Every structure is written in structure tokens, then in C-alpha cells.
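Engineer: query_6.tsv (TSV, C-alpha atoms) pasted underneath:
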```
chain	number	residue	atom	x	y	z
B	12	MET	CA	101.81	106.43	90.91
B	13	VAL	CA	105.36	105.08	91.17
B	14	VAL	CA	104.13	101.60	90.30
B	15	ALA	CA	102.12	102.88	87.33
B	16	LEU	CA	105.07	104.80	85.86
B	17	ALA	CA	107.45	101.87	86.37
B	18	ILE	CA	105.04	99.40	84.74
B	19	VAL	CA	104.41	101.64	81.73
B	20	ALA	CA	108.16	102.13	81.29
B	21	ALA	CA	108.81	98.39	81.53
B	22	ILE	CA	106.02	97.41	79.12
B	23	GLY	CA	106.63	100.03	76.45
B	24	ASP	CA	104.26	99.49	73.53
B	25	VAL	CA	101.44	97.34	74.91
B	26	GLY	CA	100.46	96.48	71.35
B	27	ARG	CA	103.29	93.96	71.30
B	28	PHE	CA	101.21	91.71	73.53
B	29	GLU	CA	98.11	90.41	71.79
B	30	PRO	CA	96.44	88.51	74.69
B	31	SER	CA	96.91	89.45	78.31
B	32	GLN	CA	98.68	86.15	78.98
B	33	GLN	CA	101.62	87.31	76.89
B	34	LEU	CA	102.01	90.31	79.17
B	35	VAL	CA	101.79	88.06	82.23
B	36	SER	CA	104.54	85.85	80.80
B	37	TYR	CA	106.61	88.93	79.90
B	38	LEU	CA	106.49	90.01	83.53
B	39	GLY	CA	107.33	86.48	84.73
B	40	LEU	CA	104.15	86.09	86.76
B	41	ASN	CA	102.88	82.98	84.98
B	42	PRO	CA	103.15	79.66	86.87
B	43	SER	CA	105.74	77.14	85.78
B	44	VAL	CA	104.42	73.91	84.24
B	45	ARG	CA	105.99	70.45	84.60
B	46	GLN	CA	104.72	67.67	82.38
B	47	SER	CA	106.19	64.38	81.23
B	48	GLY	CA	104.78	62.93	78.02
B	49	PRO	CA	101.00	62.51	78.03
B	50	GLY	CA	100.85	62.65	81.82
B	51	PRO	CA	99.09	65.36	83.80
B	52	ALA	CA	100.55	68.86	83.98
B	53	TYR	CA	101.70	70.18	87.36
B	54	HIS	CA	101.73	73.92	87.96
B	55	GLY	CA	104.37	75.26	90.31
B	56	ARG	CA	105.74	78.63	91.34
B	57	ILE	CA	105.95	81.61	89.01
B	58	THR	CA	108.70	81.45	86.41
B	59	LYS	CA	110.26	84.81	87.36
B	60	GLN	CA	111.36	85.16	83.76
B	61	GLY	CA	110.94	88.28	81.69
B	62	ARG	CA	111.13	91.85	82.92
B	63	GLY	CA	112.25	91.65	86.51
B	64	HIS	CA	112.21	95.45	86.72
B	65	ALA	CA	108.45	95.39	86.85
B	66	ARG	CA	108.09	92.23	88.91
B	67	GLY	CA	111.23	92.03	91.04
B	68	MET	CA	112.78	95.49	90.97
B	69	PRO	CA	113.87	96.55	94.47
B	70	VAL	CA	111.68	99.43	95.55
B	71	GLU	CA	114.15	101.24	97.81
B	72	ALA	CA	114.93	103.51	94.86
B	73	ALA	CA	111.34	104.67	94.78
B	74	CYS	CA	110.33	104.42	98.45
B	75	SER	CA	112.11	105.58	101.56
B	76	SER	CA	110.32	103.25	103.96
B	77	LYS	CA	112.44	100.29	105.08
B	78	ARG	CA	109.36	98.11	105.16
B	79	LEU	CA	108.91	98.67	101.44
B	80	ALA	CA	112.59	98.07	100.67
B	81	ARG	CA	112.19	94.31	100.59
B	82	ARG	CA	113.34	92.30	97.61
B	83	SER	CA	109.90	92.20	96.07
B	84	GLY	CA	108.47	93.58	92.89
B	85	LEU	CA	106.48	96.69	92.35
B	86	LEU	CA	103.47	94.70	91.22
B	87	VAL	CA	103.63	92.62	94.38
B	88	GLU	CA	103.81	95.82	96.42
B	89	ALA	CA	100.77	97.06	94.53
B	90	ALA	CA	99.05	93.77	95.34
B	91	TRP	CA	99.64	94.29	99.06
B	92	ALA	CA	98.15	97.78	98.74
B	93	ALA	CA	95.14	96.38	96.86
B	94	ALA	CA	94.64	93.83	99.64
B	95	ARG	CA	94.23	96.68	102.14
B	96	ALA	CA	91.82	98.75	100.06
B	97	PRO	CA	88.15	97.82	99.61
B	98	GLY	CA	87.23	96.31	96.26
B	99	PRO	CA	87.09	93.06	94.29
B	100	LEU	CA	90.88	92.71	94.38
B	101	ARG	CA	90.82	92.52	98.17
B	102	ALA	CA	88.11	89.85	98.00
B	103	PHE	CA	90.29	87.90	95.56
B	104	PHE	CA	93.31	88.26	97.87
B	105	LEU	CA	91.37	87.06	100.91
B	106	ARG	CA	89.98	84.09	98.98
B	107	VAL	CA	93.44	82.91	97.91
B	108	ARG	CA	94.94	83.65	101.33
B	109	ALA	CA	92.40	81.37	103.02
B	110	ARG	CA	93.62	78.44	100.89
B	111	ARG	CA	97.29	79.12	100.17
B	112	GLY	CA	98.58	81.74	102.61
B	113	GLN	CA	99.19	85.45	102.31
B	114	HIS	CA	102.43	85.34	100.30
B	115	VAL	CA	100.93	83.15	97.58
B	116	ALA	CA	97.86	85.40	97.63
B	117	ALA	CA	100.02	88.49	97.08
B	118	VAL	CA	101.70	86.95	94.02
B	119	ALA	CA	98.33	85.77	92.67
B	120	THR	CA	96.95	89.29	93.09
B	121	ALA	CA	100.00	90.71	91.31
B	122	ARG	CA	99.26	88.38	88.41
B	123	LYS	CA	95.63	89.52	88.49
B	124	LEU	CA	96.85	93.12	88.25
B	125	ALA	CA	98.95	92.25	85.20
B	126	VAL	CA	95.87	90.71	83.55
B	127	LEU	CA	93.90	93.90	84.29
B	128	ILE	CA	96.66	96.20	83.04
B	129	TRP	CA	96.53	94.82	79.50
B	130	PRO	CA	92.95	95.89	78.59
B	131	LEU	CA	93.33	99.19	80.44
B	132	LEU	CA	96.37	100.14	78.37
B	133	SER	CA	95.47	98.52	75.06
B	134	LYS	CA	91.90	99.84	74.99
B	135	GLY	CA	92.51	103.09	76.85
B	136	GLU	CA	89.88	102.26	79.43
B	137	SER	CA	89.65	103.18	83.11
B	138	TYR	CA	89.37	100.66	85.92
B	139	VAL	CA	85.67	100.34	86.60
B	140	TRP	CA	86.10	99.97	90.37
B	141	ALA	CA	88.36	102.99	90.78
B	142	ARG	CA	87.37	105.77	93.14
B	143	PRO	CA	87.27	108.83	90.84
B	144	ALA	CA	87.72	111.55	93.46
B	145	LEU	CA	90.60	109.73	95.16
B	146	HIS	CA	92.23	109.07	91.80
B	147	ALA	CA	91.87	112.73	90.80
B	148	ARG	CA	93.46	113.85	94.05
B	149	LYS	CA	96.44	111.53	93.52
B	150	LEU	CA	96.91	112.87	90.01
B	151	ARG	CA	96.70	116.45	91.26
B	152	ASP	CA	99.24	115.78	94.01
B	153	LEU	CA	101.57	114.34	91.38
B	154	GLU	CA	101.11	117.43	89.19
B	155	LEU	CA	101.97	119.74	92.08
B	156	LYS	CA	105.09	117.73	92.88
B	157	ALA	CA	106.08	117.95	89.22
B	158	GLY	CA	105.96	121.75	89.38
B	159	TYR	CA	102.49	122.60	88.12
B	160	LYS	CA	101.16	125.90	89.42
B	161	ALA	CA	98.51	125.74	92.11
B	162	ALA	CA	95.14	126.96	90.84
B	163	ARG	CA	93.87	128.72	93.94
B	164	GLY	CA	90.19	129.50	94.10
B	165	GLN	CA	89.32	126.85	91.51
B	166	ARG	CA	87.66	123.55	92.32
B	167	GLY	CA	88.71	120.72	90.09
B	168	ALA	CA	87.83	117.03	90.15
B	169	ALA	CA	90.15	116.48	93.11
B	170	HIS	CA	88.10	118.80	95.33
B	171	ALA	CA	85.38	116.15	95.74
B	172	CYS	CA	87.83	114.05	97.75
B	173	ASN	CA	87.75	116.71	100.49
B	174	ILE	CA	84.02	116.14	101.03
B	175	LYS	CA	83.48	113.34	103.53
B	176	SER	CA	80.06	112.35	102.22
B	177	HIS	CA	81.49	111.97	98.72
B	178	ARG	CA	84.42	109.89	99.99
B	179	ASP	CA	82.06	107.65	101.94
B	180	GLN	CA	79.82	107.22	98.92
B	181	GLU	CA	82.75	106.10	96.75
B	182	ARG	CA	83.95	103.74	99.47
B	183	ARG	CA	80.51	102.14	99.80
B	184	TRP	CA	80.47	101.61	96.02
B	185	VAL	CA	83.67	99.58	96.00
B	186	GLU	CA	82.72	97.76	99.20
B	187	GLN	CA	79.53	96.59	97.48
B	188	ALA	CA	81.65	95.34	94.57
B	189	GLU	CA	83.87	93.45	97.00
B	190	THR	CA	80.85	91.82	98.65
B	191	ALA	CA	79.37	90.91	95.27
B	192	TYR	CA	82.60	89.24	94.14
B	193	ALA	CA	82.92	87.29	97.40
B	194	ARG	CA	79.34	86.09	97.05
B	195	PHE	CA	79.89	85.16	93.39
B	196	VAL	CA	82.89	82.89	94.09
B	197	SER	CA	81.70	81.51	97.42
B	198	GLY	CA	80.49	78.26	95.84
B	199	TRP	CA	83.54	77.65	93.67
B	200	ASN	CA	85.52	74.48	94.25
B	201	PRO	CA	89.19	75.48	93.75
B	202	ARG	CA	90.37	71.93	93.17
B	203	GLY	CA	87.45	70.71	91.07
B	204	PRO	CA	85.49	67.49	91.55
B	205	LYS	CA	87.37	64.35	92.50
B	206	ARG	CA	87.91	62.00	89.61
B	207	VAL	CA	86.78	58.41	90.03
B	208	ARG	CA	89.41	56.10	88.65
B	209	THR	CA	87.96	53.25	86.61
B	210	GLY	CA	89.19	50.53	84.29
B	211	ALA	CA	92.49	48.74	84.80
B	212	ALA	CA	93.42	50.67	87.95
B	213	THR	CA	90.18	49.58	89.61
B	214	GLU	CA	90.74	45.99	88.67
B	215	VAL	CA	94.25	46.02	90.22
B	216	ARG	CA	92.92	47.32	93.54
B	217	ARG	CA	90.37	44.50	93.61
```
Show the structure stored in the file as C-alpha cells.
Structural biologist:
Amino acid sequence: MVVALAIVAAIGDVGRFEPSQQLVSYLGLNPSVRQSGPGPAYHGRITKQGRGHARGMPVEAACSSKRLARRSGLLVEAAWAAARAPGPLRAFFLRVRARRGQHVAAVATARKLAVLIWPLLSKGESYVWARPALHARKLRDLELKAGYKAARGQRGAAHACNIKSHRDQERRWVEQAETAYARFVSGWNPRGPKRVRTGAATEVRR
């Protein structure tokens, strides 16, 4: 909830960003590009330009845990949380971690979150792989902390999270989505096919 409020405050009117890539650039999570003339483009680390409050704001103001008080952004912290929870985002994190390491995977997942945030805010949609009962309980906990009166004797949407069978059913749903994503990308070649150099370069080697 802290991450969501901070991101909404940092973005403001999401209508300012037409494609999601503009939002990614605004948050400084887009990779830097180096290119000289007509030569190939080389992608490096993220630019870290734009709103550092959303990407690189220290989280000790929002969290009391020393582990969370590192100099990392809220979106990166959310990425680490997504990597621990079942769902397609965890499958994406594990896929990148296997090739590039866990820190690169966390930043890549943070960028993925920024790409997802744009349609959710601009179209007013809900994340399809959310767990409704768990989400309702988090919202209700936030309402109680904000001073809302407790409605004793009434069972709202958050009550379903207290039922173990319902929690397990929601967890199995997102675990199936994680497995489906991992199966879908299992055959992808991250670097693409090797290019065979022909022409003048081949003649020089001969």
C-alpha cells in the first residue's frame, strides 16, 4: 500500500503519458543506449533519470525495518516482494535471474511493474492475477488504520481471506499462471540467433 500511494503521488495525472514507455522513462527505469553513427546500439544500465522519488526514494521513511532501509527505490522493493509471491512476475524474475543475476532481475521486474502500472491507472483496470480476497483484506486493514469504524458482525469481501480453502484456491490460481508463463517463455532465445557475417569481412578472414 505504501508503494502504491507513493507511485500515484509521483505520477500525478497518468494521462500525461501516452504509451507506457513514457512512464518508464519518467521513472528512470529505461536502459541507457549508446550508439555511434550507423553502428549497432548497445543497451546499458538504467538511466536513473526522472522521478527518483518513485524509483530511488529511500524507504526508511515508510518502513521501520533496517533491511528495507537500503538505498533502493520503492518499485525495486515491490519487485523483490513480487519475486517472493506466486504469479507471472515471479516467473519473470526467476527467468532474468538465471541469466543476469538477482539484482538485475529485480530492476527488470521493477521496470515490468512500471509497464503494468500504466494500463491499470489509465484504463482503470484491475491486475488480472491479483488475489481478490488478499487484496480486499489489505484494503480493509488500511481503512482501519486510517480510522474507519470496525463493522462488527458484518462480513465483507475481506472475510474470504480468513477461509483457508479460499486462500488456497486463490494461490493455486496464480501458481497456475506462473507455470503457464514459465512454459510460454521456456523456448525463447534471449540473445537471438547468431548472425553469419558475409561479404567483405568474410573475404578478409580468408
Engineer: What is the distance, in Å and to one decimal place, between atom CA of Tyr192 of chain B and atom CA of Gly98 of chain B?
Structural biologist: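 We find that atom CA of Tyr192 of chain B and atom CA of Gly98 of chain B lie 8.7 Å from each other.
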Engineer: Figure out the distance between atom CA of Gly84 of chain B and atom CA of Ala193 of chain B, please, to one decimal in Å.
Structural biologist: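 Separation of atom CA of Ala193 of chain B and atom CA of Gly84 of chain B: 26.7 Å.
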Engineer: Pick out the closest residue to Ala94 of chain B from this set: B:Ser133, B:Ala168, B:Glu189, B:Gly158. Count all atoms listed in the file.
Structural biologist: B:Glu189
Engineer: To one decimal place in Å, what is the distance between atom CA of Lys149 of chain B and atom CA of Trp129 of chain B?
Structural biologist: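 According to the coordinates, atom CA of Lys149 of chain B and atom CA of Trp129 of chain B are separated by 21.8 Å.
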Engineer: Within 12 Å of (102.4, 95.0, 75.0), in the coordinates the file gives, what residues turn up when you count all atoms listed in the file, written out as a VMD selection string?
Structural biologist: chain B and resid 18 to 38 125 to 126 128 to 134
Engineer: Taking all atoms listed in the file into account, which of B:Ala109, B:Ala17, B:Val185, B:Ala147 comes nearest Arg166 of chain B?
Structural biologist: B:Ala147
Engineer: Go through B:Thr190, B:Arg151, B:Ala144, B:Asp179 one by one, measure the shortest atom-to-atom distance of each to Leu100 of chain B using all atoms listed in the file, and give the residue with the smallest value.
Structural biologist: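 Using all atoms listed in the file, Leu100 of chain B sits closest to B:Thr190.
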Engineer: Box along x, y and z, 3 Å on every side, all listed atoms of segment 21-38 of chain B inside: centre and edge lengths in Å to one decimal, as JSON.
Structural biologist:
```
{"center_x": 102.6, "center_y": 92.9, "center_z": 77.4, "size_x": 18.4, "size_y": 20.2, "size_z": 18.2}
```
Engineer: Go through B:Leu86, B:Ala141, B:Leu124, B:Ala119 one by one, measure the shortest atom-to-atom distance of each to Arg183 of chain B using all atoms listed in the file, and give the residue with the smallest value.
Structural biologist: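 Comparing B:Leu86, B:Ala141, B:Leu124, B:Ala119 against Arg183 of chain B, the winner is B:Ala141.
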Engineer: Calculated over all atoms listed in the file, which of the candidates B:Ala90, B:Leu85, B:Leu16, B:Leu155 has the smallest distance to Lys123 of chain B?
Structural biologist: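 Checking each of B:Ala90, B:Leu85, B:Leu16, B:Leu155 against Lys123 of chain B, counting all atoms listed in the file, the winner is B:Ala90.
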Engineer: Reconstruct segment 119-134 of chain B at the level of N, CA, C and O atoms, and format the result as a CSV table (one decimal), in the coordinates of the input.
Structural biologist:
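Saved to result30.csv:
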```csv
chain,number,residue,atom,x,y,z
B,119,ALA,N,99.5,86.0,93.5
B,119,ALA,CA,98.3,85.8,92.7
B,119,ALA,C,97.6,87.1,92.4
B,119,ALA,O,97.1,87.3,91.2
B,120,THR,N,97.6,88.0,93.3
B,120,THR,CA,97.0,89.3,93.1
B,120,THR,C,97.8,90.1,92.1
B,120,THR,O,97.3,90.9,91.3
B,121,ALA,N,99.1,90.0,92.2
B,121,ALA,CA,100.0,90.7,91.3
B,121,ALA,C,99.8,90.2,89.9
B,121,ALA,O,99.7,91.0,88.9
B,122,ARG,N,99.6,88.9,89.7
B,122,ARG,CA,99.3,88.4,88.4
B,122,ARG,C,97.9,88.9,87.9
B,122,ARG,O,97.7,89.2,86.8
B,123,LYS,N,96.9,89.0,88.8
B,123,LYS,CA,95.6,89.5,88.5
B,123,LYS,C,95.8,91.0,88.0
B,123,LYS,O,95.1,91.4,87.1
B,124,LEU,N,96.6,91.7,88.7
B,124,LEU,CA,96.8,93.1,88.2
B,124,LEU,C,97.4,93.2,86.8
B,124,LEU,O,97.0,94.0,86.0
B,125,ALA,N,98.4,92.3,86.5
B,125,ALA,CA,99.0,92.2,85.2
B,125,ALA,C,97.9,91.9,84.1
B,125,ALA,O,97.9,92.5,83.0
B,126,VAL,N,97.0,91.0,84.5
B,126,VAL,CA,95.9,90.7,83.6
B,126,VAL,C,95.0,91.9,83.3
B,126,VAL,O,94.5,92.2,82.2
B,127,LEU,N,94.7,92.7,84.4
B,127,LEU,CA,93.9,93.9,84.3
B,127,LEU,C,94.6,95.0,83.5
B,127,LEU,O,93.9,95.8,82.8
B,128,ILE,N,95.9,95.1,83.7
B,128,ILE,CA,96.7,96.2,83.0
B,128,ILE,C,96.5,96.2,81.5
B,128,ILE,O,96.4,97.2,80.9
B,129,TRP,N,96.5,94.9,81.0
B,129,TRP,CA,96.5,94.8,79.5
B,129,TRP,C,95.3,95.5,78.9
B,129,TRP,O,95.5,96.3,78.0
B,130,PRO,N,94.1,95.2,79.2
B,130,PRO,CA,93.0,95.9,78.6
B,130,PRO,C,92.9,97.4,78.9
B,130,PRO,O,92.5,98.2,78.1
B,131,LEU,N,93.4,97.8,80.1
B,131,LEU,CA,93.3,99.2,80.4
B,131,LEU,C,94.2,100.0,79.5
B,131,LEU,O,93.9,101.1,79.1
B,132,LEU,N,95.4,99.4,79.2
B,132,LEU,CA,96.4,100.1,78.4
B,132,LEU,C,96.0,100.0,76.9
B,132,LEU,O,96.1,100.9,76.1
B,133,SER,N,95.7,98.8,76.5
B,133,SER,CA,95.5,98.5,75.1
B,133,SER,C,94.2,99.2,74.6
B,133,SER,O,94.1,99.6,73.4
B,134,LYS,N,93.2,99.3,75.4
B,134,LYS,CA,91.9,99.8,75.0
B,134,LYS,C,91.7,101.3,75.5
B,134,LYS,O,90.7,101.9,75.2
```
